[in-house]
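Text of the file structure_39.txt, holding compact mmCIF, C-alpha atoms and all ligand atoms:
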```txt
# COMPACT_ATOMS: atom_id res chain seq x y z
CA ILE Y 1 -22.46 28.73 -28.93
CA ALA Y 2 -19.47 26.59 -28.22
CA GLY Y 3 -17.36 27.51 -31.22
CA ALA Y 4 -17.35 28.25 -34.93
CA LEU Y 5 -16.33 26.35 -38.02
CA VAL Y 6 -15.01 28.71 -40.69
CA PHE Y 7 -14.95 27.81 -44.38
CA ILE Y 8 -12.80 30.16 -46.47
CA ARG Y 9 -12.34 30.31 -50.18
CA PHE Y 10 -9.70 32.79 -51.34
CA GLY Y 11 -10.49 34.75 -54.43
CA GLY Y 12 -13.00 32.20 -55.70
CA PRO Y 13 -16.63 32.69 -56.76
CA PRO Y 14 -19.12 33.20 -53.87
CA PHE Y 15 -20.39 30.04 -52.13
CA GLU Y 16 -23.46 28.47 -53.76
CA PRO Y 17 -26.58 27.85 -51.54
CA ASP Y 18 -25.88 24.09 -51.83
CA GLN Y 19 -22.35 24.55 -50.56
CA ILE Y 20 -23.63 26.67 -47.64
CA ARG Y 21 -26.17 23.96 -46.77
CA LEU Y 22 -23.37 21.36 -46.87
CA ALA Y 23 -21.25 23.55 -44.57
CA GLU Y 24 -24.22 23.85 -42.17
CA PHE Y 25 -24.73 20.09 -42.30
CA ILE Y 26 -21.04 19.41 -41.52
CA THR Y 27 -21.07 22.01 -38.72
CA GLY Y 28 -24.19 20.43 -37.23
CA HIS Y 29 -22.46 17.05 -37.11
CA VAL Y 30 -19.22 18.47 -35.66
CA ALA Y 31 -21.29 20.24 -33.00
CA THR Y 32 -23.10 17.00 -32.10
CA LEU Y 33 -19.78 15.18 -31.77
CA TYR Y 34 -18.38 18.05 -29.71
CA TRP Y 35 -21.33 18.07 -27.27
CA HIS Y 36 -21.24 14.30 -27.04
CA ASP Y 37 -17.54 14.41 -26.05
CA ARG Y 38 -18.23 17.10 -23.44
CA LEU Y 39 -21.04 15.01 -22.02
CA VAL Y 40 -18.83 11.90 -21.85
CA ALA Y 41 -16.11 13.90 -20.04
CA LYS Y 42 -18.74 15.30 -17.62
CA ILE Y 43 -20.08 11.82 -16.86
CA ALA Y 44 -16.51 10.53 -16.30
CA ASN Y 45 -15.90 13.42 -13.87
CA LEU Y 46 -19.10 12.71 -12.00
CA GLU Y 47 -18.22 9.02 -11.77
CA ALA Y 48 -14.72 9.85 -10.50
CA GLU Y 49 -16.27 12.12 -7.86
CA ARG Y 50 -18.70 9.39 -6.83
CA ARG Y 51 -15.83 6.87 -6.57
CA LEU Y 52 -13.88 9.32 -4.44
CA ASP Y 53 -16.89 9.85 -2.17
CA ARG Y 54 -17.30 6.10 -1.78
CA LEU Y 55 -13.58 5.71 -1.07
CA GLN Y 56 -13.73 8.42 1.56
CA GLU Y 57 -16.76 6.81 3.20
CA ASP Y 58 -14.98 3.41 3.23
CA PHE Y 59 -11.88 5.11 4.58
CA ILE Y 60 -13.77 6.76 7.42
CA ALA Y 61 -15.62 3.53 8.25
CA THR Y 62 -12.39 1.45 8.28
CA ILE Y 63 -10.37 3.97 10.19
CA SER Y 64 -13.05 4.69 12.77
CA HIS Y 65 -13.45 0.98 13.37
CA GLU Y 66 -9.69 0.40 13.59
CA LEU Y 67 -9.18 3.36 15.93
CA LEU Y 68 -12.17 2.57 18.09
CA THR Y 69 -11.29 -1.08 18.67
CA PRO Y 70 -7.99 -0.52 20.54
CA LEU Y 71 -9.43 2.58 22.20
CA GLY Y 72 -12.36 0.47 23.45
CA PHE Y 73 -9.96 -2.04 25.01
CA ILE Y 74 -7.87 0.70 26.64
CA LYS Y 75 -10.91 2.47 28.05
CA GLY Y 76 -12.56 -0.77 29.19
CA TYR Y 77 -9.55 -2.19 31.04
CA ALA Y 78 -8.54 1.17 32.51
CA THR Y 79 -12.08 1.75 33.83
CA THR Y 80 -12.14 -1.78 35.25
CA LEU Y 81 -8.84 -1.24 37.05
CA LEU Y 82 -10.06 2.06 38.47
CA ARG Y 83 -13.23 0.58 40.01
CA GLU Y 84 -13.18 1.16 43.71
CA ASP Y 85 -15.65 -1.58 44.60
CA THR Y 86 -13.37 -4.39 43.41
CA SER Y 87 -9.79 -5.25 44.13
CA TRP Y 88 -7.61 -7.13 41.68
CA ASP Y 89 -4.73 -9.46 42.46
CA ASP Y 90 -1.31 -8.63 41.05
CA ASP Y 91 -1.49 -11.13 38.18
CA THR Y 92 -4.85 -9.86 36.95
CA ARG Y 93 -3.76 -6.24 37.25
CA ARG Y 94 -0.62 -7.04 35.27
CA GLU Y 95 -2.61 -8.85 32.60
CA PHE Y 96 -5.01 -5.90 32.21
CA LEU Y 97 -2.10 -3.45 32.07
CA SER Y 98 -0.31 -5.46 29.42
CA ILE Y 99 -3.50 -5.47 27.28
CA ILE Y 100 -3.66 -1.67 27.66
CA ASP Y 101 0.01 -1.46 26.71
CA GLU Y 102 -0.42 -3.65 23.60
CA GLU Y 103 -3.51 -1.80 22.43
CA ALA Y 104 -1.80 1.58 22.90
CA ASP Y 105 1.08 0.27 20.73
CA ARG Y 106 -1.44 -0.80 18.12
CA LEU Y 107 -3.08 2.60 18.13
CA HIS Y 108 0.32 4.24 17.78
CA GLU Y 109 1.26 1.96 14.86
CA LEU Y 110 -2.05 2.62 13.15
CA ILE Y 111 -1.66 6.39 13.37
CA GLU Y 112 1.96 6.15 12.13
CA ASN Y 113 0.79 4.03 9.19
CA LEU Y 114 -1.91 6.53 8.35
CA MET Y 115 0.57 9.39 8.44
CA ASP Y 116 3.14 7.49 6.35
CA SER Y 117 0.52 6.59 3.81
CA SER Y 118 -0.62 10.20 3.34
CA ARG Y 119 3.01 11.42 3.21
CA LEU Y 120 3.78 8.77 0.58
CA GLN Y 121 0.68 9.74 -1.37
CA ALA Y 122 1.74 13.39 -1.27
CA GLY Y 123 5.39 12.51 -2.03
CA THR Y 124 6.61 14.22 1.15
CA LEU Y 125 7.99 11.22 3.04
CA LYS Y 126 11.64 11.98 3.79
CA MET Y 127 14.14 9.25 2.90
CA SER Y 128 17.66 9.08 4.18
CA PHE Y 129 19.81 6.92 1.90
CA GLN Y 130 23.06 5.22 2.85
CA PRO Y 131 25.02 2.16 1.68
CA ILE Y 132 23.89 -1.03 3.39
CA ARG Y 133 24.91 -4.68 3.15
CA LEU Y 134 21.74 -6.59 2.31
CA ASP Y 135 22.80 -9.90 3.88
CA ALA Y 136 23.58 -8.31 7.25
CA PHE Y 137 20.47 -6.16 6.97
CA LEU Y 138 18.20 -9.19 6.33
CA LYS Y 139 19.77 -11.09 9.24
CA ASP Y 140 19.08 -8.14 11.48
CA VAL Y 141 15.47 -7.69 10.31
CA THR Y 142 14.81 -11.43 10.77
CA MET Y 143 16.31 -11.48 14.24
CA ARG Y 144 14.16 -8.59 15.37
CA ALA Y 145 11.01 -10.13 13.86
CA THR Y 146 11.56 -13.54 15.47
CA SER Y 147 12.14 -12.01 18.87
CA ARG Y 148 8.96 -9.91 18.44
CA LEU Y 149 6.83 -12.71 16.98
CA GLU Y 150 7.98 -15.58 19.16
CA LYS Y 151 6.28 -18.48 17.36
CA MET Y 152 7.60 -17.54 13.94
CA LYS Y 153 10.30 -19.68 12.32
CA VAL Y 154 12.28 -17.95 9.58
CA GLU Y 155 14.87 -19.64 7.39
CA LEU Y 156 17.37 -17.36 5.68
CA ASP Y 157 19.03 -18.35 2.42
CA LEU Y 158 21.62 -15.71 1.60
CA GLN Y 159 23.02 -16.90 -1.72
CA GLU Y 160 24.65 -13.58 -2.33
CA ALA Y 161 26.74 -12.49 0.62
CA ALA Y 162 28.24 -8.99 0.87
CA PHE Y 163 25.61 -7.57 -1.44
CA GLN Y 164 25.58 -3.79 -1.16
CA ILE Y 165 22.78 -1.40 -2.05
CA VAL Y 166 22.00 2.21 -1.22
CA ALA Y 167 18.83 2.43 0.82
CA ASP Y 168 17.02 4.04 3.71
CA PRO Y 169 17.51 1.28 6.32
CA THR Y 170 14.61 2.36 8.54
CA ARG Y 171 12.13 2.47 5.69
CA LEU Y 172 13.37 -0.74 4.08
CA ALA Y 173 13.18 -2.50 7.46
CA GLN Y 174 9.56 -1.29 7.66
CA VAL Y 175 8.86 -3.18 4.39
CA PHE Y 176 10.25 -6.48 5.71
CA ASP Y 177 8.67 -6.01 9.15
CA ASN Y 178 5.34 -5.65 7.43
CA LEU Y 179 5.82 -8.72 5.19
CA LEU Y 180 6.87 -10.82 8.19
CA THR Y 181 4.01 -9.52 10.36
CA ASN Y 182 1.60 -10.39 7.54
CA ALA Y 183 3.12 -13.88 7.18
CA ASN Y 184 2.63 -14.32 10.91
CA LYS Y 185 -0.98 -13.06 10.70
CA TYR Y 186 -2.17 -14.78 7.52
CA ALA Y 187 0.05 -17.90 7.52
CA PRO Y 188 0.51 -18.61 11.23
CA ASP Y 189 2.59 -21.58 12.34
CA THR Y 190 4.11 -22.15 8.91
CA PRO Y 191 7.84 -21.77 8.19
CA ILE Y 192 8.91 -18.60 6.41
CA ASN Y 193 11.75 -18.61 3.89
CA ILE Y 194 13.69 -15.50 2.99
CA CYS Y 195 16.04 -15.78 0.05
CA LEU Y 196 18.49 -13.23 -1.36
CA LYS Y 197 20.07 -13.65 -4.76
CA LYS Y 198 21.59 -11.60 -7.54
CA GLU Y 199 19.81 -11.23 -10.86
CA ASN Y 200 21.18 -8.98 -13.63
CA GLU Y 201 22.90 -6.57 -11.23
CA MET Y 202 19.70 -6.41 -9.16
CA ALA Y 203 19.05 -7.85 -5.73
CA LEU Y 204 16.10 -10.24 -5.72
CA ILE Y 205 14.66 -10.98 -2.30
CA SER Y 206 11.76 -13.35 -1.74
CA VAL Y 207 9.68 -13.79 1.41
CA GLN Y 208 7.73 -17.03 1.23
CA ASP Y 209 5.12 -18.47 3.57
CA HIS Y 210 3.19 -21.73 3.40
CA GLY Y 211 -0.22 -20.49 4.49
CA GLN Y 212 -3.69 -20.28 2.93
CA GLY Y 213 -2.54 -18.20 -0.02
CA ILE Y 214 -4.46 -15.45 -1.82
CA ALA Y 215 -7.08 -16.07 -4.54
CA PRO Y 216 -5.95 -14.85 -7.99
CA GLU Y 217 -8.71 -12.22 -8.27
CA HIS Y 218 -7.28 -10.36 -5.24
CA LEU Y 219 -3.62 -10.40 -6.23
CA ASP Y 220 -3.73 -7.17 -8.26
CA ASN Y 221 -5.52 -5.32 -5.49
CA ILE Y 222 -3.65 -6.13 -2.29
CA PHE Y 223 -1.11 -3.32 -2.86
CA LYS Y 224 -3.92 -0.74 -3.10
CA ARG Y 225 -4.64 1.57 -0.20
CA PHE Y 226 -7.12 0.03 2.29
CA TYR Y 227 -7.61 -3.16 0.28
CA ARG Y 228 -8.14 -6.28 2.40
CA VAL Y 229 -9.09 -9.70 1.09
CA PRO Y 230 -12.63 -10.32 2.41
CA THR Y 231 -12.62 -13.02 5.07
CA PRO Y 232 -15.12 -14.30 7.63
CA ASN Y 233 -12.26 -14.45 10.15
CA THR Y 234 -12.64 -11.22 12.12
CA ASN Y 235 -9.82 -12.11 14.53
CA VAL Y 236 -7.14 -11.00 12.10
CA ARG Y 237 -7.06 -7.23 12.33
CA GLY Y 238 -5.64 -4.80 9.84
CA THR Y 239 -6.28 -1.71 7.76
CA GLY Y 240 -5.04 -2.64 4.31
CA LEU Y 241 -2.34 0.04 4.48
CA GLY Y 242 0.73 -2.16 5.01
CA LEU Y 243 1.33 -3.39 1.47
CA PHE Y 244 0.48 0.01 -0.02
CA ILE Y 245 3.22 1.53 2.15
CA CYS Y 246 5.62 -1.32 1.20
CA ARG Y 247 5.11 -0.70 -2.53
CA GLN Y 248 5.63 3.06 -2.21
CA ILE Y 249 8.83 2.59 -0.18
CA VAL Y 250 10.25 -0.01 -2.59
CA ARG Y 251 9.43 2.26 -5.54
CA ALA Y 252 11.19 5.16 -3.81
CA HIS Y 253 14.27 2.90 -3.84
CA GLY Y 254 13.95 2.43 -7.59
CA GLY Y 255 12.71 -1.12 -7.04
CA GLU Y 256 9.64 -3.27 -7.52
CA ILE Y 257 7.51 -5.49 -5.29
CA TRP Y 258 5.08 -8.15 -6.47
CA VAL Y 259 3.33 -11.24 -5.22
CA GLU Y 260 2.76 -14.81 -6.37
CA SER Y 261 0.36 -17.07 -4.53
CA THR Y 262 -1.31 -20.46 -4.77
CA LEU Y 263 -4.43 -21.13 -2.73
CA GLY Y 264 -3.76 -23.70 -0.04
CA LYS Y 265 -0.02 -23.66 -0.68
CA GLY Y 266 1.26 -20.25 0.28
CA THR Y 267 2.32 -16.81 -0.79
CA THR Y 268 5.64 -15.38 -1.93
CA PHE Y 269 6.42 -11.68 -2.04
CA PHE Y 270 9.31 -10.64 -4.30
CA ILE Y 271 11.33 -7.46 -4.01
CA ARG Y 272 13.79 -6.37 -6.68
CA LEU Y 273 16.21 -3.59 -5.77
CA PRO Y 274 18.94 -1.95 -7.87
CA ALA Y 275 22.31 -3.09 -6.59
CA THR Y 276 24.73 -0.82 -8.37
CA GLN Y 277 25.91 2.36 -6.74
CA SER Y 278 25.10 4.46 -9.82
CA ASN Y 279 21.42 3.49 -9.82
CA ALA Y 280 21.00 4.35 -6.19
CA GLU Y 281 22.82 7.65 -6.70
CA ASN Y 282 20.34 8.45 -9.43
CA ILE Y 283 17.51 7.87 -7.01
CA ILE Y 284 19.11 10.13 -4.42
CA SER Y 285 19.62 12.96 -6.89
CA LEU Y 286 16.06 12.44 -8.12
CA ARG Y 287 14.80 12.75 -4.54
CA GLU Y 288 16.95 15.79 -3.86
CA SER Y 289 15.84 17.54 -7.01
CA ASN Y 290 12.25 16.95 -5.88
P1 LIG P 301 -3.59 -5.55 6.52
O1 LIG P 301 -2.73 -6.72 6.90
O2 LIG P 301 -3.54 -4.41 7.49
O3 LIG P 301 -4.99 -5.96 6.17
P2 LIG P 301 -1.88 -5.24 4.15
O4 LIG P 301 -1.87 -4.11 3.17
O5 LIG P 301 -0.62 -5.54 4.84
O6 LIG P 301 -3.05 -4.89 5.16
O7 LIG P 301 -2.37 -6.53 3.37
C1 LIG P 301 -3.50 -6.45 2.49
C2 LIG P 301 -4.22 -7.79 2.42
O8 LIG P 301 -3.42 -8.74 1.74
C3 LIG P 301 -4.49 -8.41 3.78
O9 LIG P 301 -5.69 -7.92 4.34
C4 LIG P 301 -4.56 -9.89 3.46
O10 LIG P 301 -5.88 -10.21 3.05
C5 LIG P 301 -3.64 -10.05 2.26
N1 LIG P 301 -2.32 -10.62 2.65
C6 LIG P 301 -1.18 -9.94 2.90
N2 LIG P 301 -0.15 -10.77 3.17
C7 LIG P 301 -0.65 -12.02 3.08
C8 LIG P 301 -0.09 -13.34 3.24
N3 LIG P 301 1.19 -13.52 3.56
N4 LIG P 301 -0.93 -14.41 3.06
C9 LIG P 301 -2.22 -14.24 2.73
N5 LIG P 301 -2.81 -13.03 2.56
C10 LIG P 301 -2.04 -11.93 2.74
```

Go ahead and render the structure in this file as structure tokens.
Amino acid sequence: IAGALVFIRFGGPPFEPDQIRLAEFITGHVATLYWHDRLVAKIANLEAERRLDRLQEDFIATISHELLTPLGFIKGYATTLLREDTSWDDDTRREFLSIIDEEADRLHELIENLMDSSRLQAGTLKMSFQPIRLDAFLKDVTMRATSRLEKMKVELDLQEAAFQIVADPTRLAQVFDNLLTNANKYAPDTPINICLKKENEMALISVQDHGQGIAPEHLDNIFKRFYRVPTPNTNVRGTGLGLFICRQIVRAHGGEIWVESTLGKGTTFFIRLPATQSNAENIISLRESN
């Protein structure tokens, strides 16, 4: 028995057999509806569990592959260098060592990304807010990116100079580093335009490339954890964590990030951040109260 339906008549004549049958009929129907609802909830739970299992399997497959690839390079080149039956000239040795160095950096970045993404998911990523000038900040981020990614050409259009926001500079820089690294990966050899303007007391920053673009059916998904647009090009490596981390960081600043893209023409990421001191203070007190 899952429950009882009680019919009460105060002070009236006793219930007639017909009325009792009607009550039983109503109760029977209520019970059927009740069991049906429980069954639907149970099925939904089972489906959610199955989705979670699938997600975990995908996660393990992606992560193992992403961890094993750089590790394979490191092991392979280190073993080669250690072989006693062969001697390597200085240039070759240097080349092998720089591959080991790059792959170790990649491994480090991957593990950091994984840790950030679980901290963001759990809401335990620490933010340290301070006032920053967005124009100077964007110049700095761009300079670092172009010296890291030598072939990349970035054009800065700072329509709103001396624009101040309250932000965690390290975390916000991580967002732009990721957008610029992606532009370099998915739209190589195309110029990148970064534009900063003011819109209703908010800072609106766009990062535009002129690459292959993203098909409309993937646009809603690219900010999800581990989502990567399927491509036959296996040279471009990644985990699908970058944009998920970007969105969480921007949201922690009280802002928004979204994307617009046209196939064959390019992709633009937009970031809107609250510019006024009061908004940012609200975020800080929100964080502290958490
Ligand atoms: P990752 O680059 O590690 O795969 P991200 O979360 O940074 O993960 O990006 C998710 C996906 O979005 C990428 O796999 C790629 O398919 C797509 N993407 C991101 N930036 C761009 C871009 N500028 N142009 C085209 N596709 C992009």

I'd like the neighbourhood of Y:Phe7 as a tab-separated table (two decimals) with C-alpha atoms, in the coordinates of the input, where a residue qualifies if any of its atoms comes within 12 Å (using all atoms listed in the file), though same-chain residues fewer than 3 positions away should be ignored.
```tsv
chain	number	residue	atom	x	y	z
Y	4	ALA	CA	-17.35	28.25	-34.93
Y	10	PHE	CA	-9.70	32.79	-51.34
Y	14	PRO	CA	-19.12	33.20	-53.87
Y	15	PHE	CA	-20.39	30.04	-52.13
Y	19	GLN	CA	-22.35	24.55	-50.56
Y	20	ILE	CA	-23.63	26.67	-47.64
Y	22	LEU	CA	-23.37	21.36	-46.87
Y	23	ALA	CA	-21.25	23.55	-44.57
Y	24	GLU	CA	-24.22	23.85	-42.17
Y	26	ILE	CA	-21.04	19.41	-41.52
Y	27	THR	CA	-21.07	22.01	-38.72
```

Find the spatial neighbours of Y:Lys197, counting all atoms listed in the file, within a cut-off of 7 Å - ignore same-chain residues fewer than 6 positions away - and output them as an MDAnalysis selection string.
chainID Y and resid 158:160 203:205

Mind listing the residues within 8 Å of ligand LIG 301 (chain P), only C-alpha atoms and all ligand atoms counted, as number ranges by chain?
Y: 178-180, 182-187, 208-209, 211-214, 222-231, 237-245, 266-269

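Pairwise distance (atom CA of Y:Val166, atom CA of Y:Thr142) equals 19.5 Å.
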
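Residue nearest Y:Gln164, chosen from Y:His65, Y:Lys139, Y:Lys198, Y:Arg93 and counting all atoms listed in the file: Y:Lys198.
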
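Residue nearest Y:Ser98 within the list Y:Ile111, Y:Leu134, Y:Met202, Y:Ala78: Y:Ala78 [criterion: smallest interatomic distance, all atoms listed in the file].
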
Point-to-point distance from atom CA of Y:Ile257 to atom CA of Y:Leu52, Å rounded to tenths:
26.0 Å

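Compared by their closest atoms to Y:Lys265, and using only C-alpha atoms, the residues Y:Ile249, Y:Glu47, Y:Phe96, Y:Thr190 rank with Y:Thr190 nearest.
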
For Y:Glu201, which residue among Y:Gly12, Y:Pro274, Y:Pro131, Y:Gly264 is the nearest when counting only C-alpha atoms?
Y:Pro274

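Between atom CA of Y:Ile192 and atom CA of Y:Glu155 there is a distance of 6.1 Å.
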
Around (-1.7, -2.3, 20.7), as given in the file, which residues come within 12 Å? Count all atoms listed in the file and list them as a short mmCIF file (atom, residue, chain, number, x, y, z; two decimals) with C-alpha atoms, keeping the file's coordinate frame.
```cif
data_model
loop_
_atom_site.label_atom_id
_atom_site.label_comp_id
_atom_site.auth_asym_id
_atom_site.auth_seq_id
_atom_site.Cartn_x
_atom_site.Cartn_y
_atom_site.Cartn_z
CA GLU Y 66 -9.69 0.40 13.59
CA LEU Y 67 -9.18 3.36 15.93
CA LEU Y 68 -12.17 2.57 18.09
CA THR Y 69 -11.29 -1.08 18.67
CA PRO Y 70 -7.99 -0.52 20.54
CA LEU Y 71 -9.43 2.58 22.20
CA GLY Y 72 -12.36 0.47 23.45
CA PHE Y 73 -9.96 -2.04 25.01
CA ILE Y 74 -7.87 0.70 26.64
CA LEU Y 97 -2.10 -3.45 32.07
CA SER Y 98 -0.31 -5.46 29.42
CA ILE Y 99 -3.50 -5.47 27.28
CA ILE Y 100 -3.66 -1.67 27.66
CA ASP Y 101 0.01 -1.46 26.71
CA GLU Y 102 -0.42 -3.65 23.60
CA GLU Y 103 -3.51 -1.80 22.43
CA ALA Y 104 -1.80 1.58 22.90
CA ASP Y 105 1.08 0.27 20.73
CA ARG Y 106 -1.44 -0.80 18.12
CA LEU Y 107 -3.08 2.60 18.13
CA HIS Y 108 0.32 4.24 17.78
CA GLU Y 109 1.26 1.96 14.86
CA LEU Y 110 -2.05 2.62 13.15
CA ILE Y 111 -1.66 6.39 13.37
CA ARG Y 237 -7.06 -7.23 12.33
CA GLY Y 238 -5.64 -4.80 9.84
#
```

Could you check the closest approach to Y:Phe137 for each of Y:Ala162, Y:Leu55, Y:Ala122, Y:Met152 and tell me which residue wins, using all atoms listed in the file?
Y:Ala162

Axis-aligned box for stretch 264-270 of chain Y, 4 Å per side, centre and edges in Å as JSON:
```
{"center_x": 2.8, "center_y": -17.2, "center_z": -2.0, "size_x": 21.1, "size_y": 21.1, "size_z": 12.6}
```

Complete stretch 119-127 of chain Y at the level of all heavy atoms, written as a PDB file, in the frame of the given file.
```
ATOM      1  N   ARG Y 119       1.763  10.784   3.653  1.00  0.00           N
ATOM      2  CA  ARG Y 119       3.010  11.420   3.210  1.00  0.00           C
ATOM      3  C   ARG Y 119       3.489  10.784   1.897  1.00  0.00           C
ATOM      4  O   ARG Y 119       3.949  11.463   0.994  1.00  0.00           O
ATOM      5  CB  ARG Y 119       4.092  11.259   4.262  1.00  0.00           C
ATOM      6  CG  ARG Y 119       3.890  12.190   5.433  1.00  0.00           C
ATOM      7  CD  ARG Y 119       5.159  12.208   6.279  1.00  0.00           C
ATOM      8  NE  ARG Y 119       4.850  12.547   7.645  1.00  0.00           N
ATOM      9  CZ  ARG Y 119       5.016  11.739   8.691  1.00  0.00           C
ATOM     10  NH1 ARG Y 119       5.512  10.535   8.529  1.00  0.00           N
ATOM     11  NH2 ARG Y 119       4.717  12.138   9.891  1.00  0.00           N
ATOM     12  N   LEU Y 120       3.351   9.449   1.809  1.00  0.00           N
ATOM     13  CA  LEU Y 120       3.780   8.770   0.580  1.00  0.00           C
ATOM     14  C   LEU Y 120       2.912   9.200  -0.591  1.00  0.00           C
ATOM     15  O   LEU Y 120       3.393   9.423  -1.696  1.00  0.00           O
ATOM     16  CB  LEU Y 120       3.696   7.253   0.760  1.00  0.00           C
ATOM     17  CG  LEU Y 120       4.830   6.641   1.565  1.00  0.00           C
ATOM     18  CD1 LEU Y 120       4.462   5.271   2.098  1.00  0.00           C
ATOM     19  CD2 LEU Y 120       6.092   6.534   0.707  1.00  0.00           C
ATOM     20  N   GLN Y 121       1.615   9.317  -0.328  1.00  0.00           N
ATOM     21  CA  GLN Y 121       0.680   9.740  -1.370  1.00  0.00           C
ATOM     22  C   GLN Y 121       1.034  11.145  -1.857  1.00  0.00           C
ATOM     23  O   GLN Y 121       0.983  11.430  -3.035  1.00  0.00           O
ATOM     24  CB  GLN Y 121      -0.744   9.728  -0.778  1.00  0.00           C
ATOM     25  CG  GLN Y 121      -1.811   9.865  -1.800  1.00  0.00           C
ATOM     26  CD  GLN Y 121      -2.259   8.470  -2.291  1.00  0.00           C
ATOM     27  OE1 GLN Y 121      -1.478   7.518  -2.298  1.00  0.00           O
ATOM     28  NE2 GLN Y 121      -3.476   8.369  -2.711  1.00  0.00           N
ATOM     29  N   ALA Y 122       1.428  11.998  -0.908  1.00  0.00           N
ATOM     30  CA  ALA Y 122       1.740  13.390  -1.270  1.00  0.00           C
ATOM     31  C   ALA Y 122       3.194  13.543  -1.727  1.00  0.00           C
ATOM     32  O   ALA Y 122       3.603  14.619  -2.154  1.00  0.00           O
ATOM     33  CB  ALA Y 122       1.479  14.290  -0.062  1.00  0.00           C
ATOM     34  N   GLY Y 123       3.977  12.460  -1.625  1.00  0.00           N
ATOM     35  CA  GLY Y 123       5.390  12.510  -2.030  1.00  0.00           C
ATOM     36  C   GLY Y 123       6.249  13.318  -1.071  1.00  0.00           C
ATOM     37  O   GLY Y 123       7.271  13.864  -1.462  1.00  0.00           O
ATOM     38  N   THR Y 124       5.843  13.406   0.202  1.00  0.00           N
ATOM     39  CA  THR Y 124       6.610  14.220   1.150  1.00  0.00           C
ATOM     40  C   THR Y 124       7.317  13.380   2.219  1.00  0.00           C
ATOM     41  O   THR Y 124       7.841  13.946   3.176  1.00  0.00           O
ATOM     42  CB  THR Y 124       5.709  15.254   1.860  1.00  0.00           C
ATOM     43  OG1 THR Y 124       4.631  14.544   2.460  1.00  0.00           O
ATOM     44  CG2 THR Y 124       5.163  16.284   0.909  1.00  0.00           C
ATOM     45  N   LEU Y 125       7.308  12.041   2.045  1.00  0.00           N
ATOM     46  CA  LEU Y 125       7.990  11.220   3.040  1.00  0.00           C
ATOM     47  C   LEU Y 125       9.500  11.358   2.848  1.00  0.00           C
ATOM     48  O   LEU Y 125      10.010  11.127   1.759  1.00  0.00           O
ATOM     49  CB  LEU Y 125       7.591   9.756   2.897  1.00  0.00           C
ATOM     50  CG  LEU Y 125       8.092   8.851   4.013  1.00  0.00           C
ATOM     51  CD1 LEU Y 125       7.230   9.019   5.259  1.00  0.00           C
ATOM     52  CD2 LEU Y 125       8.094   7.401   3.603  1.00  0.00           C
ATOM     53  N   LYS Y 126      10.197  11.749   3.906  1.00  0.00           N
ATOM     54  CA  LYS Y 126      11.640  11.980   3.790  1.00  0.00           C
ATOM     55  C   LYS Y 126      12.388  10.648   3.834  1.00  0.00           C
ATOM     56  O   LYS Y 126      12.113   9.808   4.677  1.00  0.00           O
ATOM     57  CB  LYS Y 126      12.119  12.851   4.953  1.00  0.00           C
ATOM     58  CG  LYS Y 126      11.690  14.280   4.843  1.00  0.00           C
ATOM     59  CD  LYS Y 126      12.873  15.215   5.080  1.00  0.00           C
ATOM     60  CE  LYS Y 126      12.653  16.624   4.610  1.00  0.00           C
ATOM     61  NZ  LYS Y 126      11.290  17.078   4.437  1.00  0.00           N
ATOM     62  N   MET Y 127      13.329  10.469   2.920  1.00  0.00           N
ATOM     63  CA  MET Y 127      14.140   9.250   2.900  1.00  0.00           C
ATOM     64  C   MET Y 127      15.572   9.646   3.197  1.00  0.00           C
ATOM     65  O   MET Y 127      16.031  10.712   2.772  1.00  0.00           O
ATOM     66  CB  MET Y 127      14.106   8.617   1.511  1.00  0.00           C
ATOM     67  CG  MET Y 127      12.761   8.149   1.099  1.00  0.00           C
ATOM     68  SD  MET Y 127      12.502   6.440   1.624  1.00  0.00           S
ATOM     69  CE  MET Y 127      10.865   6.204   1.050  1.00  0.00           C
TER      70      MET Y 127
END
```
